[in-house]
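Engineer: Just so it is clear, I am handing over work_23.cif, which has mmCIF, C-alpha atoms and all ligand atoms.
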data_final
#
loop_
_atom_site.label_atom_id
_atom_site.label_comp_id
_atom_site.auth_asym_id
_atom_site.auth_seq_id
_atom_site.Cartn_x
_atom_site.Cartn_y
_atom_site.Cartn_z
CA MET Q 1 -50.39 -59.95 1.66
CA ILE Q 2 -49.77 -59.47 5.37
CA ILE Q 3 -48.30 -62.66 6.82
CA ILE Q 4 -49.85 -63.75 10.12
CA LYS Q 5 -47.47 -65.49 12.51
CA SER Q 6 -48.25 -68.45 14.77
CA ARG Q 7 -47.44 -68.51 18.49
CA ASP Q 8 -44.34 -70.57 17.72
CA GLU Q 9 -43.13 -68.10 15.12
CA ILE Q 10 -43.67 -65.19 17.50
CA GLN Q 11 -41.72 -67.09 20.17
CA ILE Q 12 -38.73 -67.21 17.82
CA MET Q 13 -39.09 -63.51 17.04
CA ARG Q 14 -39.25 -62.84 20.79
CA GLU Q 15 -35.91 -64.63 21.21
CA ALA Q 16 -34.37 -62.66 18.34
CA GLY Q 17 -35.86 -59.47 19.74
CA LYS Q 18 -34.38 -60.06 23.17
CA VAL Q 19 -30.85 -60.01 21.75
CA THR Q 20 -31.58 -56.89 19.71
CA ALA Q 21 -33.08 -55.18 22.76
CA GLY Q 22 -30.10 -56.16 24.91
CA ILE Q 23 -27.66 -54.68 22.40
CA LEU Q 24 -29.58 -51.42 22.18
CA ALA Q 25 -29.84 -51.17 25.97
CA ALA Q 26 -26.11 -51.81 26.40
CA LEU Q 27 -25.21 -49.16 23.82
CA LYS Q 28 -26.63 -46.50 26.12
CA ASP Q 29 -23.55 -46.96 28.30
CA ILE Q 30 -21.12 -47.62 25.45
CA VAL Q 31 -21.83 -44.53 23.34
CA ARG Q 32 -19.42 -41.73 24.30
CA PRO Q 33 -17.34 -39.00 22.70
CA GLY Q 34 -14.28 -40.41 20.88
CA LEU Q 35 -15.92 -43.69 19.83
CA SER Q 36 -16.01 -44.38 16.10
CA THR Q 37 -19.21 -45.51 14.44
CA TRP Q 38 -17.23 -48.58 13.29
CA GLU Q 39 -16.63 -49.54 16.93
CA ILE Q 40 -20.39 -49.47 17.49
CA ASP Q 41 -20.81 -51.82 14.54
CA ARG Q 42 -18.11 -54.15 15.96
CA TYR Q 43 -19.97 -54.36 19.27
CA VAL Q 44 -23.29 -55.03 17.53
CA GLU Q 45 -21.92 -57.72 15.22
CA GLU Q 46 -19.87 -59.49 17.89
CA THR Q 47 -22.83 -59.61 20.27
CA ILE Q 48 -25.21 -60.97 17.63
CA LEU Q 49 -22.71 -63.67 16.64
CA ALA Q 50 -21.94 -64.51 20.29
CA ASN Q 51 -25.64 -65.28 20.70
CA GLY Q 52 -25.54 -67.67 17.75
CA MET Q 53 -27.63 -65.31 15.63
CA THR Q 54 -26.99 -63.62 12.28
CA PRO Q 55 -26.77 -59.87 11.59
CA THR Q 56 -29.77 -59.30 9.34
CA PHE Q 57 -28.48 -56.18 7.62
CA LYS Q 58 -25.05 -57.47 6.56
CA GLY Q 59 -25.20 -58.18 2.84
CA TYR Q 60 -28.83 -57.03 2.54
CA ASN Q 61 -28.90 -55.39 -0.90
CA GLY Q 62 -25.15 -55.19 -0.51
CA TYR Q 63 -25.20 -53.31 2.82
CA PRO Q 64 -21.66 -53.65 4.21
CA ALA Q 65 -22.21 -53.68 8.01
CA SER Q 66 -24.28 -55.21 10.81
CA ALA Q 67 -25.62 -51.94 12.20
CA CYS Q 68 -26.73 -48.67 10.68
CA VAL Q 69 -25.12 -45.82 12.61
CA SER Q 70 -26.45 -42.38 11.70
CA VAL Q 71 -25.11 -39.15 13.22
CA ASN Q 72 -26.96 -35.81 13.59
CA GLU Q 73 -28.53 -34.88 10.22
CA GLU Q 74 -28.17 -38.49 9.08
CA ILE Q 75 -31.62 -40.04 9.44
CA ILE Q 76 -31.01 -43.72 8.74
CA HIS Q 77 -28.69 -46.16 6.94
CA GLY Q 78 -25.44 -44.46 8.01
CA ILE Q 79 -22.56 -46.80 7.16
CA PRO Q 80 -20.20 -47.34 10.11
CA SER Q 81 -16.72 -45.94 9.54
CA LYS Q 82 -13.41 -45.95 11.43
CA SER Q 83 -12.97 -42.28 10.54
CA LYS Q 84 -16.35 -41.15 11.81
CA ILE Q 85 -15.73 -40.22 15.45
CA LEU Q 86 -18.54 -39.27 17.82
CA ARG Q 87 -18.22 -35.88 19.46
CA GLU Q 88 -19.84 -34.42 22.55
CA GLY Q 89 -23.22 -32.93 21.57
CA ASP Q 90 -23.91 -35.36 18.70
CA LEU Q 91 -27.00 -37.50 18.36
CA VAL Q 92 -26.31 -41.02 17.12
CA SER Q 93 -29.01 -43.40 15.87
CA VAL Q 94 -28.24 -47.12 15.85
CA ASP Q 95 -30.43 -49.59 13.96
CA VAL Q 96 -29.95 -53.32 14.57
CA GLY Q 97 -31.44 -56.42 12.97
CA CYS Q 98 -30.97 -59.94 14.25
CA THR Q 99 -31.97 -63.15 12.45
CA TRP Q 100 -32.70 -66.30 14.48
CA LYS Q 101 -34.04 -69.57 13.08
CA GLY Q 102 -35.12 -67.75 9.94
CA TYR Q 103 -36.95 -64.87 11.66
CA VAL Q 104 -35.95 -61.24 11.97
CA SER Q 105 -36.10 -58.66 14.75
CA ASP Q 106 -35.54 -55.02 13.86
CA ALA Q 107 -35.15 -52.06 16.21
CA ALA Q 108 -33.43 -48.70 16.59
CA ARG Q 109 -32.65 -46.07 19.20
CA THR Q 110 -31.13 -42.58 19.17
CA TYR Q 111 -28.53 -41.77 21.83
CA PRO Q 112 -27.15 -38.42 22.99
CA VAL Q 113 -23.33 -38.35 22.92
CA GLY Q 114 -22.32 -36.75 26.23
CA ALA Q 115 -24.19 -33.55 26.94
CA VAL Q 116 -26.42 -32.40 24.07
CA SER Q 117 -28.52 -29.29 23.45
CA ALA Q 118 -31.97 -29.02 25.04
CA GLU Q 119 -33.48 -29.15 21.54
CA ALA Q 120 -31.62 -32.37 20.68
CA GLU Q 121 -32.74 -33.93 23.93
CA ARG Q 122 -36.33 -32.94 23.21
CA LEU Q 123 -36.11 -34.42 19.70
CA VAL Q 124 -34.97 -37.78 21.11
CA ARG Q 125 -37.70 -37.75 23.74
CA VAL Q 126 -40.44 -36.80 21.28
CA THR Q 127 -39.37 -39.40 18.71
CA GLU Q 128 -39.70 -42.12 21.33
CA ALA Q 129 -43.03 -40.65 22.43
CA CYS Q 130 -44.22 -40.73 18.80
CA PHE Q 131 -43.62 -44.49 18.74
CA PHE Q 132 -45.63 -44.95 21.93
CA GLU Q 133 -48.47 -42.79 20.60
CA GLY Q 134 -48.60 -45.09 17.56
CA LEU Q 135 -48.39 -48.15 19.79
CA LYS Q 136 -51.63 -47.18 21.54
CA HIS Q 137 -53.40 -48.02 18.28
CA CYS Q 138 -51.67 -51.38 17.79
CA ARG Q 139 -54.75 -53.40 18.68
CA GLU Q 140 -56.82 -55.95 16.88
CA GLY Q 141 -59.50 -54.34 14.70
CA VAL Q 142 -57.85 -50.92 14.48
CA ARG Q 143 -57.06 -49.49 11.03
CA LEU Q 144 -53.33 -49.32 10.27
CA SER Q 145 -53.28 -45.63 9.36
CA ASP Q 146 -54.53 -44.77 12.84
CA VAL Q 147 -51.03 -45.75 13.97
CA SER Q 148 -49.46 -43.53 11.30
CA HIS Q 149 -51.71 -40.62 12.10
CA ALA Q 150 -51.00 -40.75 15.84
CA ILE Q 151 -47.25 -40.63 15.19
CA GLN Q 152 -47.59 -37.62 12.90
CA ALA Q 153 -49.92 -35.77 15.25
CA LYS Q 154 -47.46 -36.12 18.15
CA ALA Q 155 -44.44 -35.05 16.10
CA GLU Q 156 -46.14 -32.02 14.59
CA SER Q 157 -47.72 -30.93 17.86
CA GLU Q 158 -44.14 -30.60 19.15
CA GLY Q 159 -43.06 -28.55 16.13
CA PHE Q 160 -41.09 -31.34 14.49
CA SER Q 161 -41.63 -32.98 11.12
CA VAL Q 162 -42.08 -36.57 10.02
CA VAL Q 163 -39.75 -38.04 7.42
CA ARG Q 164 -41.94 -39.37 4.60
CA ASP Q 165 -39.47 -41.03 2.27
CA PHE Q 166 -38.90 -44.00 4.60
CA VAL Q 167 -41.53 -46.04 6.40
CA GLY Q 168 -42.06 -48.86 8.88
CA HIS Q 169 -42.95 -52.32 7.66
CA GLY Q 170 -44.12 -55.81 8.45
CA VAL Q 171 -41.31 -58.02 9.77
CA GLY Q 172 -40.96 -61.79 9.98
CA ARG Q 173 -39.11 -64.25 7.75
CA GLU Q 174 -38.20 -61.18 5.73
CA MET Q 175 -36.97 -57.93 7.22
CA HIS Q 176 -39.36 -56.04 4.98
CA GLU Q 177 -42.81 -57.55 4.63
CA GLU Q 178 -46.16 -55.98 3.94
CA PRO Q 179 -47.66 -53.69 5.05
CA GLN Q 180 -45.72 -50.47 4.64
CA ILE Q 181 -46.28 -48.30 7.71
CA PRO Q 182 -45.87 -44.58 7.00
CA ASN Q 183 -45.35 -42.32 10.01
CA PHE Q 184 -47.94 -39.87 8.69
CA GLY Q 185 -51.36 -39.97 7.10
CA LYS Q 186 -55.09 -39.61 7.55
CA PRO Q 187 -56.68 -41.90 10.14
CA GLY Q 188 -59.17 -44.66 9.31
CA ARG Q 189 -57.39 -46.08 6.27
CA GLY Q 190 -55.59 -49.28 5.41
CA PRO Q 191 -55.98 -52.84 6.68
CA ARG Q 192 -57.39 -53.70 10.09
CA LEU Q 193 -54.85 -55.09 12.52
CA VAL Q 194 -55.17 -58.76 13.37
CA GLN Q 195 -53.61 -60.92 16.08
CA GLY Q 196 -50.39 -62.48 14.79
CA MET Q 197 -49.28 -59.52 12.68
CA THR Q 198 -45.71 -58.44 13.45
CA LEU Q 199 -44.84 -54.86 12.61
CA ALA Q 200 -41.67 -52.76 12.75
CA ILE Q 201 -42.89 -49.30 13.69
CA GLU Q 202 -40.19 -46.70 13.28
CA PRO Q 203 -40.78 -42.96 13.46
CA MET Q 204 -37.98 -40.91 11.88
CA ILE Q 205 -38.42 -37.33 13.04
CA SER Q 206 -36.64 -34.18 11.96
CA ALA Q 207 -36.17 -30.96 13.91
CA GLY Q 208 -36.44 -29.08 10.59
CA GLY Q 209 -38.01 -30.07 7.27
CA TYR Q 210 -38.91 -33.60 6.20
CA GLU Q 211 -37.19 -33.63 2.80
CA THR Q 212 -34.35 -36.13 2.48
CA VAL Q 213 -31.27 -36.69 0.34
CA VAL Q 214 -29.35 -39.95 -0.10
CA LEU Q 215 -25.58 -39.44 -0.08
CA GLN Q 216 -23.07 -40.61 -2.71
CA ASP Q 217 -22.55 -43.87 -0.81
CA ASN Q 218 -26.10 -44.76 -1.96
CA TRP Q 219 -27.18 -45.58 1.60
CA THR Q 220 -26.93 -42.70 4.06
CA ALA Q 221 -30.18 -40.72 4.14
CA VAL Q 222 -29.83 -37.18 5.50
CA THR Q 223 -32.22 -34.30 6.04
CA ALA Q 224 -32.08 -32.01 3.00
CA ASP Q 225 -31.83 -28.92 5.21
CA GLY Q 226 -29.16 -30.42 7.48
CA SER Q 227 -31.40 -30.41 10.52
CA LEU Q 228 -31.05 -32.95 13.32
CA SER Q 229 -33.06 -36.13 13.13
CA ALA Q 230 -33.88 -39.05 15.42
CA HIS Q 231 -35.14 -42.61 14.97
CA TYR Q 232 -36.91 -44.98 17.34
CA GLU Q 233 -38.04 -48.44 16.26
CA ASN Q 234 -39.41 -51.62 17.79
CA SER Q 235 -40.76 -54.84 16.34
CA VAL Q 236 -44.29 -55.24 17.71
CA ALA Q 237 -46.65 -58.24 17.76
CA ILE Q 238 -50.40 -57.64 17.56
CA THR Q 239 -52.23 -59.80 20.13
CA ASP Q 240 -55.84 -60.13 21.29
CA GLY Q 241 -55.02 -57.52 23.94
CA GLU Q 242 -52.05 -55.26 24.61
CA PRO Q 243 -49.45 -55.20 21.82
CA GLU Q 244 -46.23 -57.04 22.64
CA LEU Q 245 -42.93 -55.23 22.24
CA LEU Q 246 -40.52 -57.83 20.89
CA THR Q 247 -37.43 -55.61 21.04
CA LEU Q 248 -37.76 -53.86 24.38
CA LEU Q 249 -36.55 -55.56 27.58
N1 LIG Q 301 -34.08 -51.20 10.16
C1 LIG Q 301 -33.82 -50.76 8.82
C2 LIG Q 301 -35.09 -50.90 8.06
O1 LIG Q 301 -36.08 -51.09 8.66
C3 LIG Q 301 -32.60 -51.36 8.37
C4 LIG Q 301 -32.32 -51.70 6.99
S1 LIG Q 301 -30.68 -51.44 6.73
C5 LIG Q 301 -30.22 -52.47 5.54
O2 LIG Q 301 -35.20 -50.73 6.88
F1 LIG Q 301 -29.04 -52.25 5.30
F2 LIG Q 301 -30.32 -53.69 5.96
F3 LIG Q 301 -30.98 -52.30 4.49
CO CO Q 302 -37.15 -51.29 10.14
#
Can the structure in the file be given as structure tokens, please?
Ligand code: MF3
Ligand code: CO
Structural biologist:
Amino acid sequence: MIIIKSRDEIQIMREAGKVTAGILAALKDIVRPGLSTWEIDRYVEETILANGMTPTFKGYNGYPASACVSVNEEIIHGIPSKSKILREGDLVSVDVGCTWKGYVSDAARTYPVGAVSAEAERLVRVTEACFFEGLKHCREGVRLSDVSHAIQAKAESEGFSVVRDFVGHGVGREMHEEPQIPNFGKPGRGPRLVQGMTLAIEPMISAGGYETVVLQDNWTAVTADGSLSAHYENSVAITDGEPELLTLL
């Protein structure tokens, strides 16, 4: 069942989303060579708490941190570590969830660390563009898989591949609600979008193949072929007109 949110519920999610968006915007200037992924997590957690909110991820299925920080071939769910130091040329993806008055906001960005290769830069740009291609279909009456299909078409037209083992999702009182939102698929399938749905749309795009492996820590998902990957996510509210981005300032 897809849970429809009231105006009041979406207002709370907007407030949660504003803090998440602010953190992700600030990280653009914080990420630099020499920083540990643990320091990124410290910044994320301290900022969430300073806003009176709760880090959604911490303790979720035993997850030990407030942010997921995934470097290079790590796709998602990288566990922050004091010994993992960012180096010039890396790509780092940071995923943040904030809970406020019982509602969740969920978003992610990928940042270049210093100067990166032209291919890495293109991967980051295209991953963000994939999200916005999907967003064009986030309108009342549209079938959900039209969103998925648009994301896949953009990624593949640029020679990249779409990670299939992880998907976007409904978001609200729970971080993961129905529906699942794959970043690939045939158009014209799935439920029709309705005003009041809130969706976390999150393309995970690889510069190589789409197969994944989960590391020994039982969290970190990497590309099986070691290729670079990027992640871009926003929580989105379906309205009677333009979709509202809850996690973008
Ligand atoms: N944003 C991620 C997701 O959509 C974060 C989950 S990390 C977890 O699934 F640790 F909280 F599981
Ligand atoms: Co998510």
Engineer: Env of range 211-228 of chain Q: 12 Å cut, atoms = only C-alpha atoms, seq-sep filter 2 positions within chain, self excluded. Answer as number ranges by chain.
Structural biologist: Q: 60-65, 68-80, 89-93, 110, 112, 116-117, 119-124, 127, 160-166, 204-209, 230-231
Engineer: Kindly export the residues of the current selection with C-alpha atoms, as a compact mmCIF listing (two decimals), in the coordinates of the input.
Structural biologist:
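The resulting file, again02.txt, is shown below:
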# COMPACT_ATOMS: atom_id res chain seq x y z
CA TYR Q 60 -28.83 -57.03 2.54
CA ASN Q 61 -28.90 -55.39 -0.90
CA GLY Q 62 -25.15 -55.19 -0.51
CA TYR Q 63 -25.20 -53.31 2.82
CA PRO Q 64 -21.66 -53.65 4.21
CA ALA Q 65 -22.21 -53.68 8.01
CA CYS Q 68 -26.73 -48.67 10.68
CA VAL Q 69 -25.12 -45.82 12.61
CA SER Q 70 -26.45 -42.38 11.70
CA VAL Q 71 -25.11 -39.15 13.22
CA ASN Q 72 -26.96 -35.81 13.59
CA GLU Q 73 -28.53 -34.88 10.22
CA GLU Q 74 -28.17 -38.49 9.08
CA ILE Q 75 -31.62 -40.04 9.44
CA ILE Q 76 -31.01 -43.72 8.74
CA HIS Q 77 -28.69 -46.16 6.94
CA GLY Q 78 -25.44 -44.46 8.01
CA ILE Q 79 -22.56 -46.80 7.16
CA PRO Q 80 -20.20 -47.34 10.11
CA GLY Q 89 -23.22 -32.93 21.57
CA ASP Q 90 -23.91 -35.36 18.70
CA LEU Q 91 -27.00 -37.50 18.36
CA VAL Q 92 -26.31 -41.02 17.12
CA SER Q 93 -29.01 -43.40 15.87
CA THR Q 110 -31.13 -42.58 19.17
CA PRO Q 112 -27.15 -38.42 22.99
CA VAL Q 116 -26.42 -32.40 24.07
CA SER Q 117 -28.52 -29.29 23.45
CA GLU Q 119 -33.48 -29.15 21.54
CA ALA Q 120 -31.62 -32.37 20.68
CA GLU Q 121 -32.74 -33.93 23.93
CA ARG Q 122 -36.33 -32.94 23.21
CA LEU Q 123 -36.11 -34.42 19.70
CA VAL Q 124 -34.97 -37.78 21.11
CA THR Q 127 -39.37 -39.40 18.71
CA PHE Q 160 -41.09 -31.34 14.49
CA SER Q 161 -41.63 -32.98 11.12
CA VAL Q 162 -42.08 -36.57 10.02
CA VAL Q 163 -39.75 -38.04 7.42
CA ARG Q 164 -41.94 -39.37 4.60
CA ASP Q 165 -39.47 -41.03 2.27
CA PHE Q 166 -38.90 -44.00 4.60
CA MET Q 204 -37.98 -40.91 11.88
CA ILE Q 205 -38.42 -37.33 13.04
CA SER Q 206 -36.64 -34.18 11.96
CA ALA Q 207 -36.17 -30.96 13.91
CA GLY Q 208 -36.44 -29.08 10.59
CA GLY Q 209 -38.01 -30.07 7.27
CA ALA Q 230 -33.88 -39.05 15.42
CA HIS Q 231 -35.14 -42.61 14.97
Engineer: What is the distance, in Å and to one decimal place, between CA of Glu178 in chain Q and CA of Ser229 in chain Q?
Structural biologist: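 Distance between the two atoms: 25.5 Å.
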Engineer: As a ChimeraX atom specification, please: the residues near Tyr43 in chain Q (cut-off 10 Å, all atoms listed in the file, same-chain neighbours under 3 positions excluded).
Structural biologist: /Q:23,26-27,30,38-40,46-48,66-67
Engineer: From the options Q:Asp29, Q:Glu128, Q:Asp41, Q:Asp106, which residue's atoms come nearest to ligand CO 302 (chain Q), counting all atoms listed in the file?
Structural biologist: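 Among the listed residues, Q:Asp106 lies closest to ligand CO 302 (chain Q).
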Engineer: Please check which protein, DNA or RNA residues sit within 7 Å of ligand CO 302 (chain Q), counting all atoms listed in the file, and write them as a list in words.
Structural biologist: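 Answer in the requested format: Asp106, Ala107, Gly168, His169, Ala200, Glu202 and Glu233 of chain Q.
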Engineer: Which centre and which edge lengths, in Å to one decimal, describe the axis-aligned box that holds all listed atoms of ligand LIG 301 (chain Q) after 8 Å is added on each side, as AutoDock Vina command-line options?
Structural biologist:
--center_x -32.6 --center_y -52.2 --center_z 7.3 --size_x 23.0 --size_y 19.0 --size_z 21.7
Engineer: Taking only C-alpha atoms into account, name the residue in Q:Val44, Q:Leu35, Q:Lys101, Q:Arg109 that is nearest to Lys84 in chain Q.
Structural biologist: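 So, comparing all the options, the nearest one is Q:Leu35.
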Engineer: Could you pull the residues within 12 Å of Ile238 in chain Q, counting all atoms listed in the file, minus those fewer than 4 positions along the same chain, as a VMD selection string?
Structural biologist: chain Q and resid 4 to 7 10 135 to 142 144 170 to 171 192 to 201 242 to 246
Engineer: At what distance in Å, to one decimal, does CA of Cys130 in chain Q lie from CA of Val167 in chain Q?
Structural biologist: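 CA of Cys130 in chain Q lies at a distance of 13.8 Å from CA of Val167 in chain Q.
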Engineer: Out of Q:Thr239, Q:Asn234, Q:Ser145, Q:Ser36, which residue has the shortest atom-to-atom distance to ligand LIG 301 (chain Q) when counting only C-alpha atoms and all ligand atoms?
Structural biologist: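 Comparing Q:Thr239, Q:Asn234, Q:Ser145, Q:Ser36 against ligand LIG 301 (chain Q), the winner is Q:Asn234.
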Engineer: Excluding Ala129 in chain Q and residues on its chain fewer than 2 positions from it, collect all residues at most 10 Å away from it, counting all atoms listed in the file, and give them as an mmCIF file with C-alpha atoms, in the frame of the given file.
Structural biologist:
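The result, written out as around.cif:
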data_model
loop_
_atom_site.group_PDB
_atom_site.id
_atom_site.type_symbol
_atom_site.label_atom_id
_atom_site.label_comp_id
_atom_site.auth_asym_id
_atom_site.auth_seq_id
_atom_site.Cartn_x
_atom_site.Cartn_y
_atom_site.Cartn_z
ATOM 1 C CA LEU Q 123 -36.110 -34.420 19.700
ATOM 2 C CA VAL Q 124 -34.970 -37.780 21.110
ATOM 3 C CA ARG Q 125 -37.700 -37.750 23.740
ATOM 4 C CA VAL Q 126 -40.440 -36.800 21.280
ATOM 5 C CA THR Q 127 -39.370 -39.400 18.710
ATOM 6 C CA PHE Q 131 -43.620 -44.490 18.740
ATOM 7 C CA PHE Q 132 -45.630 -44.950 21.930
ATOM 8 C CA GLU Q 133 -48.470 -42.790 20.600
ATOM 9 C CA GLY Q 134 -48.600 -45.090 17.560
ATOM 10 C CA LEU Q 135 -48.390 -48.150 19.790
ATOM 11 C CA ILE Q 151 -47.250 -40.630 15.190
ATOM 12 C CA LYS Q 154 -47.460 -36.120 18.150
ATOM 13 C CA ALA Q 155 -44.440 -35.050 16.100
ATOM 14 C CA PRO Q 203 -40.780 -42.960 13.460
ATOM 15 C CA TYR Q 232 -36.910 -44.980 17.340
#
Engineer: What's the separation between CA of Pro182 in chain Q and CA of Ala118 in chain Q, in Å to one decimal place?
Structural biologist: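 That distance, rounded to one decimal, is 27.6 Å.
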Engineer: Taking into account only C-alpha atoms and all ligand atoms, which residue in the set Q:Ser235, Q:Thr56, Q:Ser81, Q:Gln180 is nearest to ligand LIG 301 (chain Q)?
Structural biologist: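 Going through Q:Ser235, Q:Thr56, Q:Ser81, Q:Gln180 one by one, the smallest distance to ligand LIG 301 (chain Q) is for Q:Thr56.
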Engineer: Just checking: using all atoms listed in the file, which residue out of Q:Val31, Q:Ile181, Q:Val104, Q:Ala50 ends up closest to Gln11 in chain Q?
Structural biologist: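 That would be Q:Val104, the residue with the smallest distance to Gln11 in chain Q.
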Engineer: Would you please work out which residue, of Q:Ala153, Q:Leu86, Q:Leu248, Q:Cys98, is nearest to ligand LIG 301 (chain Q) when using only C-alpha atoms and all ligand atoms?
Structural biologist: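 That would be Q:Cys98, the residue with the smallest distance to ligand LIG 301 (chain Q).
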